[in-house]
file query-v7.tsv (TSV, C-alpha atoms)
chain	number	residue	atom	x	y	z
A	1	MET	CA	-35.35	-7.91	11.95
A	2	LYS	CA	-31.74	-8.38	13.15
A	3	LYS	CA	-30.70	-9.66	9.71
A	4	THR	CA	-32.31	-6.64	8.03
A	5	ARG	CA	-30.45	-4.29	10.39
A	6	ILE	CA	-27.10	-5.97	9.59
A	7	VAL	CA	-27.74	-5.65	5.84
A	8	LEU	CA	-28.62	-1.98	6.26
A	9	VAL	CA	-25.45	-1.30	8.28
A	10	VAL	CA	-23.22	-3.07	5.74
A	11	GLY	CA	-24.93	-1.20	2.93
A	12	SER	CA	-24.44	2.11	4.72
A	13	LEU	CA	-20.72	1.42	5.23
A	14	ALA	CA	-20.33	0.58	1.54
A	15	LEU	CA	-22.11	3.78	0.49
A	16	MET	CA	-20.03	5.84	2.93
A	17	PHE	CA	-16.77	4.39	1.60
A	18	ALA	CA	-17.88	4.98	-2.00
A	19	ALA	CA	-18.74	8.61	-1.19
A	20	ILE	CA	-15.41	9.21	0.59
A	21	THR	CA	-13.45	7.65	-2.26
A	22	ALA	CA	-15.36	9.61	-4.93
A	23	ALA	CA	-14.87	12.90	-3.09
A	24	TRP	CA	-11.18	12.19	-2.54
A	25	ARG	CA	-10.60	11.31	-6.20
A	26	ALA	CA	-12.50	14.41	-7.35
A	27	GLY	CA	-10.21	16.57	-5.25
A	28	LEU	CA	-6.95	15.13	-6.58
A	29	PRO	CA	-6.25	17.77	-9.27
A	30	VAL	CA	-6.97	20.60	-6.84
A	31	ALA	CA	-4.82	19.08	-4.11
A	32	ARG	CA	-1.96	18.45	-6.52
A	33	ALA	CA	-2.06	22.01	-7.85
A	34	ARG	CA	-2.19	23.43	-4.31
A	35	VAL	CA	0.87	21.45	-3.18
A	36	GLN	CA	2.89	22.42	-6.25
A	37	ALA	CA	1.91	26.09	-6.03
A	38	THR	CA	2.73	26.28	-2.32
A	39	HIS	CA	6.14	24.74	-2.85
A	40	ARG	CA	6.93	27.09	-5.76
A	41	GLU	CA	5.98	30.08	-3.62
A	42	ALA	CA	8.35	28.84	-0.94
A	43	GLY	CA	11.12	28.91	-3.51
A	44	GLY	CA	11.63	25.15	-3.60
A	45	SER	CA	11.63	22.54	-6.33
A	46	LEU	CA	9.74	19.28	-6.21
A	47	PRO	CA	12.13	16.32	-5.87
A	48	TYR	CA	9.74	14.30	-8.07
A	49	THR	CA	6.14	14.44	-9.26
A	50	ALA	CA	3.32	11.95	-9.81
A	51	ALA	CA	4.26	11.90	-13.50
A	52	ASP	CA	7.74	10.67	-12.56
A	53	LEU	CA	6.20	7.64	-10.83
A	54	VAL	CA	4.16	6.49	-13.84
A	55	GLY	CA	5.31	3.03	-14.94
A	56	GLU	CA	6.52	-0.25	-13.47
A	57	TRP	CA	8.89	-0.61	-10.49
A	58	ASP	CA	10.48	-3.90	-9.41
A	59	SER	CA	12.26	-4.90	-6.20
A	60	VAL	CA	15.97	-4.35	-5.91
A	61	GLY	CA	16.72	-7.92	-4.88
A	62	CYS	CA	15.19	-10.16	-2.22
A	63	ALA	CA	14.94	-8.63	1.26
A	64	SER	CA	13.86	-9.45	4.80
A	65	ALA	CA	10.27	-8.48	5.57
A	66	HIS	CA	11.54	-6.88	8.78
A	67	GLN	CA	12.96	-4.12	6.59
A	68	ILE	CA	9.39	-3.05	5.73
A	69	GLY	CA	8.42	-2.28	9.33
A	70	ALA	CA	8.37	-3.22	12.96
A	71	HIS	CA	5.46	-5.68	12.84
A	72	THR	CA	6.10	-7.94	9.86
A	73	PRO	CA	6.29	-11.72	9.37
A	74	ASP	CA	9.52	-13.73	9.60
A	75	ALA	CA	9.87	-14.01	5.85
A	76	PHE	CA	11.57	-12.55	2.80
A	77	PHE	CA	9.85	-10.64	0.03
A	78	ARG	CA	9.86	-9.07	-3.39
A	79	ARG	CA	7.38	-6.43	-4.60
A	80	PHE	CA	6.26	-4.98	-7.89
A	81	TYR	CA	4.49	-1.62	-8.40
A	82	LEU	CA	2.47	-0.26	-11.29
A	83	PHE	CA	1.70	3.47	-11.02
A	84	SER	CA	-0.42	5.95	-12.94
A	85	GLU	CA	-0.50	9.58	-11.81
A	86	THR	CA	-3.44	8.89	-9.49
A	87	SER	CA	-3.58	5.12	-8.94
A	88	PHE	CA	-1.39	2.21	-7.97
A	89	ASN	CA	-1.24	-1.57	-8.05
A	90	VAL	CA	1.32	-3.32	-5.84
A	91	ARG	CA	2.08	-7.01	-5.46
A	92	TYR	CA	4.02	-8.32	-2.45
A	93	SER	CA	5.34	-11.89	-2.72
A	94	TYR	CA	6.64	-13.57	0.45
A	95	TYR	CA	9.18	-16.41	0.65
A	96	THR	CA	10.85	-18.57	3.31
A	97	ASP	CA	14.41	-18.11	2.03
A	98	PRO	CA	16.74	-15.13	1.43
A	99	ALA	CA	16.97	-15.96	-2.29
A	100	CYS	CA	13.16	-15.68	-2.68
A	101	ARG	CA	12.82	-19.12	-4.27
A	102	THR	CA	10.39	-20.86	-1.89
A	103	PRO	CA	7.03	-19.03	-2.00
A	104	VAL	CA	4.62	-18.66	0.90
A	105	PHE	CA	1.85	-16.24	-0.10
A	106	SER	CA	1.32	-13.06	-2.09
A	107	GLU	CA	-0.93	-10.05	-1.77
A	108	ARG	CA	-2.08	-7.64	-4.44
A	109	ILE	CA	-3.49	-4.24	-3.52
A	110	ASN	CA	-4.77	-1.53	-5.81
A	111	GLY	CA	-6.26	1.88	-5.17
A	112	TRP	CA	-5.62	5.60	-5.46
A	113	SER	CA	-2.73	7.74	-4.31
A	114	GLU	CA	-1.81	11.41	-4.05
A	115	LEU	CA	1.55	12.98	-3.33
A	116	GLY	CA	1.57	15.66	-0.66
A	117	ARG	CA	4.01	18.18	0.74
A	118	VAL	CA	7.76	17.97	0.38
A	119	ARG	CA	9.63	17.13	3.58
A	120	PRO	CA	12.55	19.58	3.86
A	121	ASP	CA	13.98	17.55	6.75
A	122	LEU	CA	14.19	14.37	4.65
A	123	PRO	CA	16.04	14.44	1.28
A	124	TYR	CA	14.11	13.41	-1.85
A	125	THR	CA	11.02	12.73	0.27
A	126	ARG	CA	7.33	13.66	0.07
A	127	GLU	CA	4.28	12.79	2.12
A	128	ALA	CA	1.52	10.86	0.38
A	129	LEU	CA	-2.03	9.62	0.93
A	130	VAL	CA	-3.03	6.12	-0.18
A	131	VAL	CA	-6.63	4.84	-0.40
A	132	TYR	CA	-7.18	1.08	-0.86
A	133	GLY	CA	-9.46	-0.18	-3.60
A	134	THR	CA	-9.24	-3.98	-3.44
A	135	VAL	CA	-7.04	-6.34	-1.42
A	136	LEU	CA	-6.40	-9.79	-2.91
A	137	LEU	CA	-4.40	-12.66	-1.37
A	138	THR	CA	-3.04	-15.91	-2.80
A	139	ALA	CA	-1.58	-18.92	-1.00
A	140	ASP	CA	1.43	-19.87	-3.12
A	141	SER	CA	2.27	-23.10	-1.26
A	142	ALA	CA	1.11	-25.44	1.50
A	143	ILE	CA	2.98	-23.20	3.94
A	144	GLY	CA	0.99	-20.26	2.64
A	145	GLN	CA	-2.25	-22.17	3.19
A	146	LYS	CA	-1.35	-22.59	6.86
A	147	VAL	CA	-0.31	-18.94	7.27
A	148	LEU	CA	-3.57	-17.66	5.76
A	149	ALA	CA	-5.82	-20.33	7.32
A	150	SER	CA	-7.36	-17.85	9.77
A	151	CYS	CA	-8.27	-15.37	7.03
A	152	GLY	CA	-11.40	-15.21	4.90
A	153	ALA	CA	-11.65	-18.34	2.78
A	154	ALA	CA	-12.92	-21.55	4.36
A	155	ALA	CA	-10.20	-23.47	2.51
A	156	TRP	CA	-7.32	-21.89	0.58
A	157	THR	CA	-6.57	-23.37	-2.83
A	158	ILE	CA	-2.95	-22.92	-3.84
A	159	GLY	CA	-2.64	-20.41	-6.68
A	160	GLN	CA	-6.18	-19.08	-6.35
A	161	GLU	CA	-6.67	-15.39	-5.57
A	162	TYR	CA	-9.18	-14.45	-2.84
A	163	ASP	CA	-10.74	-11.05	-2.20
A	164	LEU	CA	-10.06	-10.02	1.41
A	165	THR	CA	-10.93	-6.34	0.92
A	166	ALA	CA	-13.72	-6.26	3.51
A	167	PRO	CA	-12.51	-8.60	6.28
A	168	GLY	CA	-8.79	-8.00	5.91
A	169	CYS	CA	-6.27	-10.59	7.09
A	170	PRO	CA	-4.42	-10.05	10.40
A	171	ALA	CA	-1.97	-12.85	9.54
A	172	ALA	CA	-0.85	-10.77	6.56
A	173	GLY	CA	-0.97	-7.49	8.47
A	174	LEU	CA	-4.11	-6.29	6.66
A	175	ARG	CA	-6.85	-4.47	8.60
A	176	PRO	CA	-10.61	-4.83	7.95
A	177	ARG	CA	-12.02	-2.18	5.61
A	178	SER	CA	-14.33	-0.98	8.39
A	179	THR	CA	-11.32	0.14	10.48
A	180	CYS	CA	-8.89	1.32	7.78
A	181	ILE	CA	-9.35	2.55	4.21
A	182	GLY	CA	-5.78	3.61	3.51
A	183	ASP	CA	-2.40	4.86	4.70
A	184	TYR	CA	-0.73	8.15	5.52
A	185	GLU	CA	2.51	7.48	3.64
A	186	LEU	CA	6.02	8.83	3.28
A	187	VAL	CA	7.84	8.28	-0.04
A	188	ARG	CA	11.43	8.81	-1.10
A	189	VAL	CA	12.60	8.55	-4.73
A	190	GLN	CA	16.38	8.64	-4.95
A	191	ASN	CA	18.75	7.52	-7.72
A	192	GLY	CA	15.87	5.93	-9.60
A	193	VAL	CA	14.67	3.85	-6.63
A	194	TYR	CA	11.26	4.14	-4.92
A	195	TYR	CA	11.30	3.79	-1.10
A	196	PRO	CA	7.97	3.75	0.83
A	197	GLY	CA	7.71	4.57	4.53
A	198	TYR	CA	8.97	2.34	7.32
A	199	ARG	CA	5.88	0.93	9.02
A	200	ALA	CA	6.48	1.50	12.73
A	201	ALA	CA	2.99	2.73	13.76
A	202	ASP	CA	-0.66	2.61	12.67
A	203	MET	CA	-0.48	4.29	9.26
A	204	CYS	CA	-4.29	4.37	9.06
A	205	LEU	CA	-3.98	7.38	11.38
A	206	ARG	CA	-2.37	10.71	10.48
A	207	SER	CA	-0.28	10.40	13.64
A	208	GLY	CA	1.05	7.09	12.34
A	209	ARG	CA	2.67	8.52	9.23
A	210	PRO	CA	6.23	7.12	9.02
A	211	THR	CA	9.10	9.29	10.19
A	212	ARG	CA	11.58	7.66	7.83
A	213	THR	CA	11.58	5.58	4.67
A	214	GLN	CA	12.54	1.95	4.23
A	215	SER	CA	16.10	0.90	3.42
A	216	VAL	CA	15.00	-1.37	0.55
A	217	GLY	CA	13.17	-0.15	-2.53
A	218	ALA	CA	12.04	-0.82	-6.07
A	219	ARG	CA	13.74	0.36	-9.26
A	220	LYS	CA	11.84	1.64	-12.28
A	221	VAL	CA	11.88	-0.91	-15.10
A	222	SER	CA	9.49	0.70	-17.61
A	223	GLY	CA	7.48	3.84	-18.22

call {"tool": "encode", "arguments": {"input": "query-v7.tsv", "output": "C-alpha coordinates"}}
result
Amino acid sequence: MKKTRIVLVVGSLALMFAAITAAWRAGLPVARARVQATHREAGGSLPYTAADLVGEWDSVGCASAHQIGAHTPDAFFRRFYLFSETSFNVRYSYYTDPACRTPVFSERINGWSELGRVRPDLPYTREALVVYGTVLLTADSAIGQKVLASCGAAAWTIGQEYDLTAPGCPAAGLRPRSTCIGDYELVRVQNGVYYPGYRAADMCLRSGRPTRTQSVGARKVSG
(Lines of atoms letter the chains of each structure in order from A and count residues from 1; the text may use other names and numbers.)
(Lines give C-alpha, C1' and ligand atoms only; values in the text may rest on other atoms or scores of the structure.)
Protein backbone atom coordinates (compact mmCIF):
# COMPACT_ATOMS: atom_id res chain seq x y z
CA MET A 1 0.00 0.00 0.00
CA LYS A 2 2.84 2.41 0.90
CA LYS A 3 4.63 1.64 -2.38
CA THR A 4 1.43 2.31 -4.34
CA ARG A 5 0.99 5.66 -2.56
CA ILE A 6 4.58 6.70 -3.42
CA VAL A 7 4.06 5.80 -7.08
CA LEU A 8 0.83 7.80 -7.16
CA VAL A 9 2.52 10.85 -5.58
CA VAL A 10 5.45 10.74 -8.02
CA GLY A 11 3.03 10.34 -10.91
CA SER A 12 0.97 13.29 -9.70
CA LEU A 13 4.08 15.50 -9.45
CA ALA A 14 5.10 14.54 -12.99
CA LEU A 15 1.63 15.33 -14.34
CA MET A 16 1.55 18.64 -12.46
CA PHE A 17 4.94 19.68 -13.86
CA ALA A 18 3.88 18.67 -17.39
CA ALA A 19 0.69 20.73 -17.06
CA ILE A 20 2.55 23.79 -15.73
CA THR A 21 5.15 23.57 -18.48
CA ALA A 22 2.53 23.12 -21.23
CA ALA A 23 0.48 26.07 -19.97
CA TRP A 24 3.57 28.26 -19.67
CA ARG A 25 4.75 27.41 -23.19
CA ALA A 26 1.27 28.02 -24.62
CA GLY A 27 1.28 31.49 -23.11
CA LEU A 28 4.67 32.54 -24.51
CA PRO A 29 3.41 34.37 -27.63
CA VAL A 30 0.81 36.26 -25.60
CA ALA A 31 3.29 37.20 -22.89
CA ARG A 32 5.86 38.34 -25.44
CA ALA A 33 3.33 40.50 -27.29
CA ARG A 34 2.09 42.01 -24.01
CA VAL A 35 5.61 42.98 -22.89
CA GLN A 36 6.49 44.52 -26.25
CA ALA A 37 3.20 46.42 -26.50
CA THR A 38 3.49 47.78 -22.96
CA HIS A 39 7.01 49.00 -23.58
CA ARG A 40 6.04 50.67 -26.88
CA GLU A 41 3.17 52.45 -25.14
CA ALA A 42 5.60 53.73 -22.54
CA GLY A 43 7.63 55.26 -25.34
CA GLY A 44 10.64 53.00 -24.90
CA SER A 45 12.60 50.70 -27.19
CA LEU A 46 13.55 47.14 -26.38
CA PRO A 47 17.31 46.83 -25.82
CA TYR A 48 17.14 43.37 -27.43
CA THR A 49 14.54 40.74 -28.29
CA ALA A 50 14.31 36.94 -28.17
CA ALA A 51 15.18 36.91 -31.88
CA ASP A 52 18.47 38.66 -31.10
CA LEU A 53 19.44 35.80 -28.78
CA VAL A 54 18.93 33.04 -31.37
CA GLY A 55 22.23 31.25 -32.02
CA GLU A 56 25.33 30.08 -30.19
CA TRP A 57 27.14 32.01 -27.43
CA ASP A 58 30.54 31.04 -26.01
CA SER A 59 32.37 32.16 -22.87
CA VAL A 60 34.60 35.20 -23.03
CA GLY A 61 37.61 33.43 -21.53
CA CYS A 62 37.98 31.27 -18.43
CA ALA A 63 36.58 32.77 -15.22
CA SER A 64 36.25 32.08 -11.50
CA ALA A 65 32.99 30.38 -10.55
CA HIS A 66 32.63 32.94 -7.76
CA GLN A 67 31.78 35.46 -10.48
CA ILE A 68 28.54 33.55 -11.15
CA GLY A 69 27.15 34.04 -7.64
CA ALA A 70 27.63 34.00 -3.92
CA HIS A 71 27.31 30.24 -3.38
CA THR A 72 29.48 28.60 -6.02
CA PRO A 73 32.30 26.02 -5.94
CA ASP A 74 35.99 26.93 -5.70
CA ALA A 75 36.59 26.32 -9.38
CA PHE A 76 36.89 27.98 -12.78
CA PHE A 77 34.45 27.61 -15.63
CA ARG A 78 33.49 28.09 -19.24
CA ARG A 79 29.93 27.98 -20.59
CA PHE A 80 28.24 27.62 -23.94
CA TYR A 81 24.65 28.61 -24.79
CA LEU A 82 22.38 27.63 -27.66
CA PHE A 83 19.19 29.72 -27.89
CA SER A 84 16.03 29.62 -29.97
CA GLU A 85 13.36 32.28 -29.41
CA THR A 86 11.67 30.15 -26.74
CA SER A 87 14.21 27.54 -25.60
CA PHE A 88 17.77 27.23 -24.40
CA ASN A 89 20.54 24.71 -23.91
CA VAL A 90 23.49 25.67 -21.72
CA ARG A 91 26.61 23.72 -20.84
CA TYR A 92 28.79 24.69 -17.86
CA SER A 93 32.25 23.10 -17.71
CA TYR A 94 34.22 23.40 -14.45
CA TYR A 95 38.01 23.25 -14.06
CA THR A 96 40.60 23.39 -11.27
CA ASP A 97 42.86 25.97 -12.94
CA PRO A 98 42.43 29.56 -14.22
CA ALA A 99 43.34 28.49 -17.76
CA CYS A 100 40.46 25.96 -17.83
CA ARG A 101 42.71 23.05 -18.83
CA THR A 102 42.11 20.56 -15.99
CA PRO A 103 38.45 19.47 -16.06
CA VAL A 104 36.35 18.55 -13.03
CA PHE A 105 32.73 18.11 -14.12
CA SER A 106 30.20 19.59 -16.52
CA GLU A 107 26.47 20.16 -16.45
CA ARG A 108 24.07 20.55 -19.35
CA ILE A 109 20.64 22.09 -18.83
CA ASN A 110 17.91 22.66 -21.38
CA GLY A 111 14.43 24.09 -21.14
CA TRP A 112 12.27 27.07 -22.06
CA SER A 113 12.77 30.77 -21.53
CA GLU A 114 10.82 34.00 -21.93
CA LEU A 115 12.07 37.57 -21.79
CA GLY A 116 10.08 39.91 -19.58
CA ARG A 117 9.98 43.61 -18.82
CA VAL A 118 12.79 46.02 -19.50
CA ARG A 119 14.58 47.31 -16.41
CA PRO A 120 14.91 51.10 -16.79
CA ASP A 121 17.23 51.21 -13.78
CA LEU A 122 19.71 48.78 -15.37
CA PRO A 123 21.11 49.53 -18.87
CA TYR A 124 20.60 46.90 -21.60
CA THR A 125 18.80 44.65 -19.12
CA ARG A 126 15.54 42.68 -19.10
CA GLU A 127 13.90 40.31 -16.66
CA ALA A 128 13.38 36.73 -17.81
CA LEU A 129 11.72 33.49 -16.74
CA VAL A 130 13.52 30.17 -17.19
CA VAL A 131 11.88 26.73 -16.87
CA TYR A 132 14.16 23.66 -16.68
CA GLY A 133 13.55 20.70 -18.97
CA THR A 134 16.38 18.25 -18.25
CA VAL A 135 19.52 18.52 -16.10
CA LEU A 136 22.46 16.31 -17.09
CA LEU A 137 25.84 15.99 -15.33
CA THR A 138 29.15 14.44 -16.36
CA ALA A 139 32.23 13.70 -14.26
CA ASP A 140 35.12 14.76 -16.49
CA SER A 141 37.91 13.45 -14.24
CA ALA A 142 38.62 11.51 -11.05
CA ILE A 143 38.27 14.79 -9.18
CA GLY A 144 34.83 15.21 -10.72
CA GLN A 145 33.87 11.72 -9.58
CA LYS A 146 34.65 12.71 -5.99
CA VAL A 147 32.80 16.03 -6.25
CA LEU A 148 29.65 14.38 -7.62
CA ALA A 149 29.87 11.23 -5.46
CA SER A 150 26.93 12.30 -3.29
CA CYS A 151 24.65 12.90 -6.28
CA GLY A 152 22.41 10.44 -8.10
CA ALA A 153 24.53 7.72 -9.67
CA ALA A 154 25.83 4.90 -7.50
CA ALA A 155 29.18 5.14 -9.29
CA TRP A 156 30.18 7.91 -11.70
CA THR A 157 31.91 6.80 -14.90
CA ILE A 158 34.20 9.47 -16.31
CA GLY A 159 32.76 10.92 -19.51
CA GLN A 160 29.30 9.42 -19.06
CA GLU A 161 26.32 11.78 -18.82
CA TYR A 162 23.77 11.16 -16.04
CA ASP A 163 20.24 12.53 -15.79
CA LEU A 164 19.85 14.36 -12.46
CA THR A 165 16.66 16.21 -13.43
CA ALA A 166 14.52 14.78 -10.63
CA PRO A 167 16.91 14.48 -7.65
CA GLY A 168 19.14 17.44 -8.47
CA CYS A 169 22.70 17.62 -7.15
CA PRO A 170 23.49 19.87 -4.16
CA ALA A 171 27.23 19.50 -4.80
CA ALA A 172 26.69 21.19 -8.16
CA GLY A 173 24.21 23.72 -6.77
CA LEU A 174 21.22 22.03 -8.44
CA ARG A 175 17.92 21.72 -6.55
CA PRO A 176 15.53 18.72 -6.78
CA ARG A 177 12.76 19.16 -9.35
CA SER A 178 10.16 18.87 -6.59
CA THR A 179 11.42 22.12 -4.99
CA CYS A 180 12.42 24.16 -8.06
CA ILE A 181 11.37 24.06 -11.71
CA GLY A 182 13.19 27.16 -12.91
CA ASP A 183 14.65 30.60 -12.26
CA TYR A 184 13.49 34.19 -12.13
CA GLU A 185 16.33 35.67 -14.18
CA LEU A 186 17.88 38.99 -15.08
CA VAL A 187 19.69 39.29 -18.43
CA ARG A 188 21.91 41.98 -19.90
CA VAL A 189 23.07 41.98 -23.53
CA GLN A 190 25.70 44.64 -24.13
CA ASN A 191 28.29 45.03 -26.90
CA GLY A 192 27.45 41.59 -28.24
CA VAL A 193 27.94 39.83 -24.88
CA TYR A 194 25.24 37.95 -22.91
CA TYR A 195 25.36 38.41 -19.11
CA PRO A 196 22.95 36.40 -16.89
CA GLY A 197 22.03 37.44 -13.34
CA TYR A 198 24.37 37.28 -10.38
CA ARG A 199 23.11 34.43 -8.19
CA ALA A 200 22.97 35.90 -4.69
CA ALA A 201 19.60 34.50 -3.54
CA ASP A 202 17.13 31.67 -4.24
CA MET A 203 16.23 32.35 -7.87
CA CYS A 204 13.47 29.71 -7.71
CA LEU A 205 11.47 32.42 -5.93
CA ARG A 206 10.31 35.70 -7.48
CA SER A 207 11.88 37.51 -4.52
CA GLY A 208 15.21 35.91 -5.42
CA ARG A 209 15.47 37.48 -8.86
CA PRO A 210 19.00 38.96 -9.18
CA THR A 211 19.45 42.69 -8.65
CA ARG A 212 22.45 42.87 -10.95
CA THR A 213 24.05 40.87 -13.74
CA GLN A 214 27.31 38.95 -13.70
CA SER A 215 30.60 40.57 -14.67
CA VAL A 216 31.54 37.72 -17.04
CA GLY A 217 29.51 36.74 -20.08
CA ALA A 218 29.33 34.86 -23.35
CA ARG A 219 29.84 36.30 -26.83
CA LYS A 220 27.72 35.33 -29.82
CA VAL A 221 29.67 33.08 -32.20
CA SER A 222 26.94 32.08 -34.70
CA GLY A 223 23.33 32.74 -35.59

call {"tool": "atom_distance", "arguments": {"input": "query-v7.tsv", "atom1": "CA of Leu129 in chain A", "atom2": "CA of Asp183 in chain A"}}
result
6.1 Å

call {"tool": "residues_around", "arguments": {"input": "query-v7.tsv", "residues": "Leu53 in chain A", "least_positions_apart": "3", "cutoff": "10 Å", "atoms": "all atoms listed in the file", "output": "ChimeraX atom specification"}}
result
/A:48-50,56-57,81-86,88,189,192,194,220,223

call {"tool": "residues_around", "arguments": {"input": "query-v7.tsv", "residues": "Arg126 in chain A", "least_positions_apart": "4", "cutoff": "6 Å", "atoms": "all atoms listed in the file", "output": "count of residues only"}}
result
5

call {"tool": "closest_residue", "arguments": {"input": "query-v7.tsv", "among": "A:Thr72, A:Asn89, A:Ser113, A:Ser141", "to": "Arg101 in chain A", "atoms": "only C-alpha atoms"}}
result
A:Ser141

call {"tool": "residues_near_point", "arguments": {"input": "query-v7.tsv", "point": "(21.6, -12.4, -3.6)", "cutoff": "10 Å", "atoms": "all atoms listed in the file", "output": "PyMOL selection string"}}
result
chain A and resi 61-63+98-100

call {"tool": "residues_around", "arguments": {"input": "query-v7.tsv", "residues": "Pro210 in chain A", "least_positions_apart": "2", "cutoff": "8 Å", "atoms": "only C-alpha atoms", "output": "JSON, numbers by chain"}}
result
{"A": [184, 185, 186, 197, 198, 199, 200, 201, 203, 208, 212, 213]}

call {"tool": "write_last_selection", "arguments": {"input": "query-v7.tsv", "atoms": "C-alpha atoms", "output": "short mmCIF file (atom, residue, chain, number, x, y, z; two decimals), in the frame of the given file"}}
result
data_model
loop_
_atom_site.label_atom_id
_atom_site.label_comp_id
_atom_site.auth_asym_id
_atom_site.auth_seq_id
_atom_site.Cartn_x
_atom_site.Cartn_y
_atom_site.Cartn_z
CA TYR A 184 -0.73 8.15 5.52
CA GLU A 185 2.51 7.48 3.64
CA LEU A 186 6.02 8.83 3.28
CA GLY A 197 7.71 4.57 4.53
CA TYR A 198 8.97 2.34 7.32
CA ARG A 199 5.88 0.93 9.02
CA ALA A 200 6.48 1.50 12.73
CA ALA A 201 2.99 2.73 13.76
CA MET A 203 -0.48 4.29 9.26
CA GLY A 208 1.05 7.09 12.34
CA ARG A 212 11.58 7.66 7.83
CA THR A 213 11.58 5.58 4.67
#

call {"tool": "atom_distance", "arguments": {"input": "query-v7.tsv", "atom1": "CA of Ile181 in chain A", "atom2": "CA of Ile109 in chain A"}}
result
11.8 Å

call {"tool": "closest_residue", "arguments": {"input": "query-v7.tsv", "among": "A:Val216, A:Val90, A:Leu122, A:Leu174", "to": "Cys204 in chain A", "atoms": "all atoms listed in the file"}}
result
A:Leu174

call {"tool": "atom_distance", "arguments": {"input": "query-v7.tsv", "atom1": "CA of Tyr195 in chain A", "atom2": "CA of Leu115 in chain A"}}
result
13.6 Å

call {"tool": "closest_residue", "arguments": {"input": "query-v7.tsv", "among": "A:Ser64, A:Gln145, A:Thr165, A:Ser150", "to": "Asn110 in chain A", "atoms": "only C-alpha atoms"}}
result
A:Thr165

call {"tool": "closest_residue", "arguments": {"input": "query-v7.tsv", "among": "A:Ser215, A:Pro123, A:Pro176, A:Leu148", "to": "Leu46 in chain A", "atoms": "all atoms listed in the file"}}
result
A:Pro123

call {"tool": "closest_residue", "arguments": {"input": "query-v7.tsv", "among": "A:Gly217, A:Gly173, A:Pro120, A:Gly55", "to": "Asn191 in chain A", "atoms": "all atoms listed in the file"}}
result
A:Gly217

call {"tool": "closest_residue", "arguments": {"input": "query-v7.tsv", "among": "A:Leu205, A:Ala218, A:Ala75, A:Val135", "to": "Cys180 in chain A", "atoms": "all atoms listed in the file"}}
result
A:Leu205

call {"tool": "residues_near_point", "arguments": {"input": "query-v7.tsv", "point": "(12.0, -1.4, 7.6)", "cutoff": "6 Å", "atoms": "only C-alpha atoms", "output": "VMD selection string"}}
result
chain A and resid 66 to 69 198 214

call {"tool": "write_last_selection", "arguments": {"input": "query-v7.tsv", "atoms": "C-alpha atoms", "output": "short mmCIF file (atom, residue, chain, number, x, y, z; two decimals), in the frame of the given file"}}
result
data_model
loop_
_atom_site.label_atom_id
_atom_site.label_comp_id
_atom_site.auth_asym_id
_atom_site.auth_seq_id
_atom_site.Cartn_x
_atom_site.Cartn_y
_atom_site.Cartn_z
CA HIS A 66 11.54 -6.88 8.78
CA GLN A 67 12.96 -4.12 6.59
CA ILE A 68 9.39 -3.05 5.73
CA GLY A 69 8.42 -2.28 9.33
CA TYR A 198 8.97 2.34 7.32
CA GLN A 214 12.54 1.95 4.23
#

call {"tool": "residues_around", "arguments": {"input": "query-v7.tsv", "residues": "Ala142 in chain A", "least_positions_apart": "4", "cutoff": "9 Å", "atoms": "only C-alpha atoms", "output": "mmCIF file with C-alpha atoms, keeping the file's coordinate frame"}}
result
data_model
loop_
_atom_site.group_PDB
_atom_site.id
_atom_site.type_symbol
_atom_site.label_atom_id
_atom_site.label_comp_id
_atom_site.auth_asym_id
_atom_site.auth_seq_id
_atom_site.Cartn_x
_atom_site.Cartn_y
_atom_site.Cartn_z
ATOM 1 C CA VAL A 104 4.620 -18.660 0.900
ATOM 2 C CA LYS A 146 -1.350 -22.590 6.860
ATOM 3 C CA VAL A 147 -0.310 -18.940 7.270
ATOM 4 C CA ILE A 158 -2.950 -22.920 -3.840
#
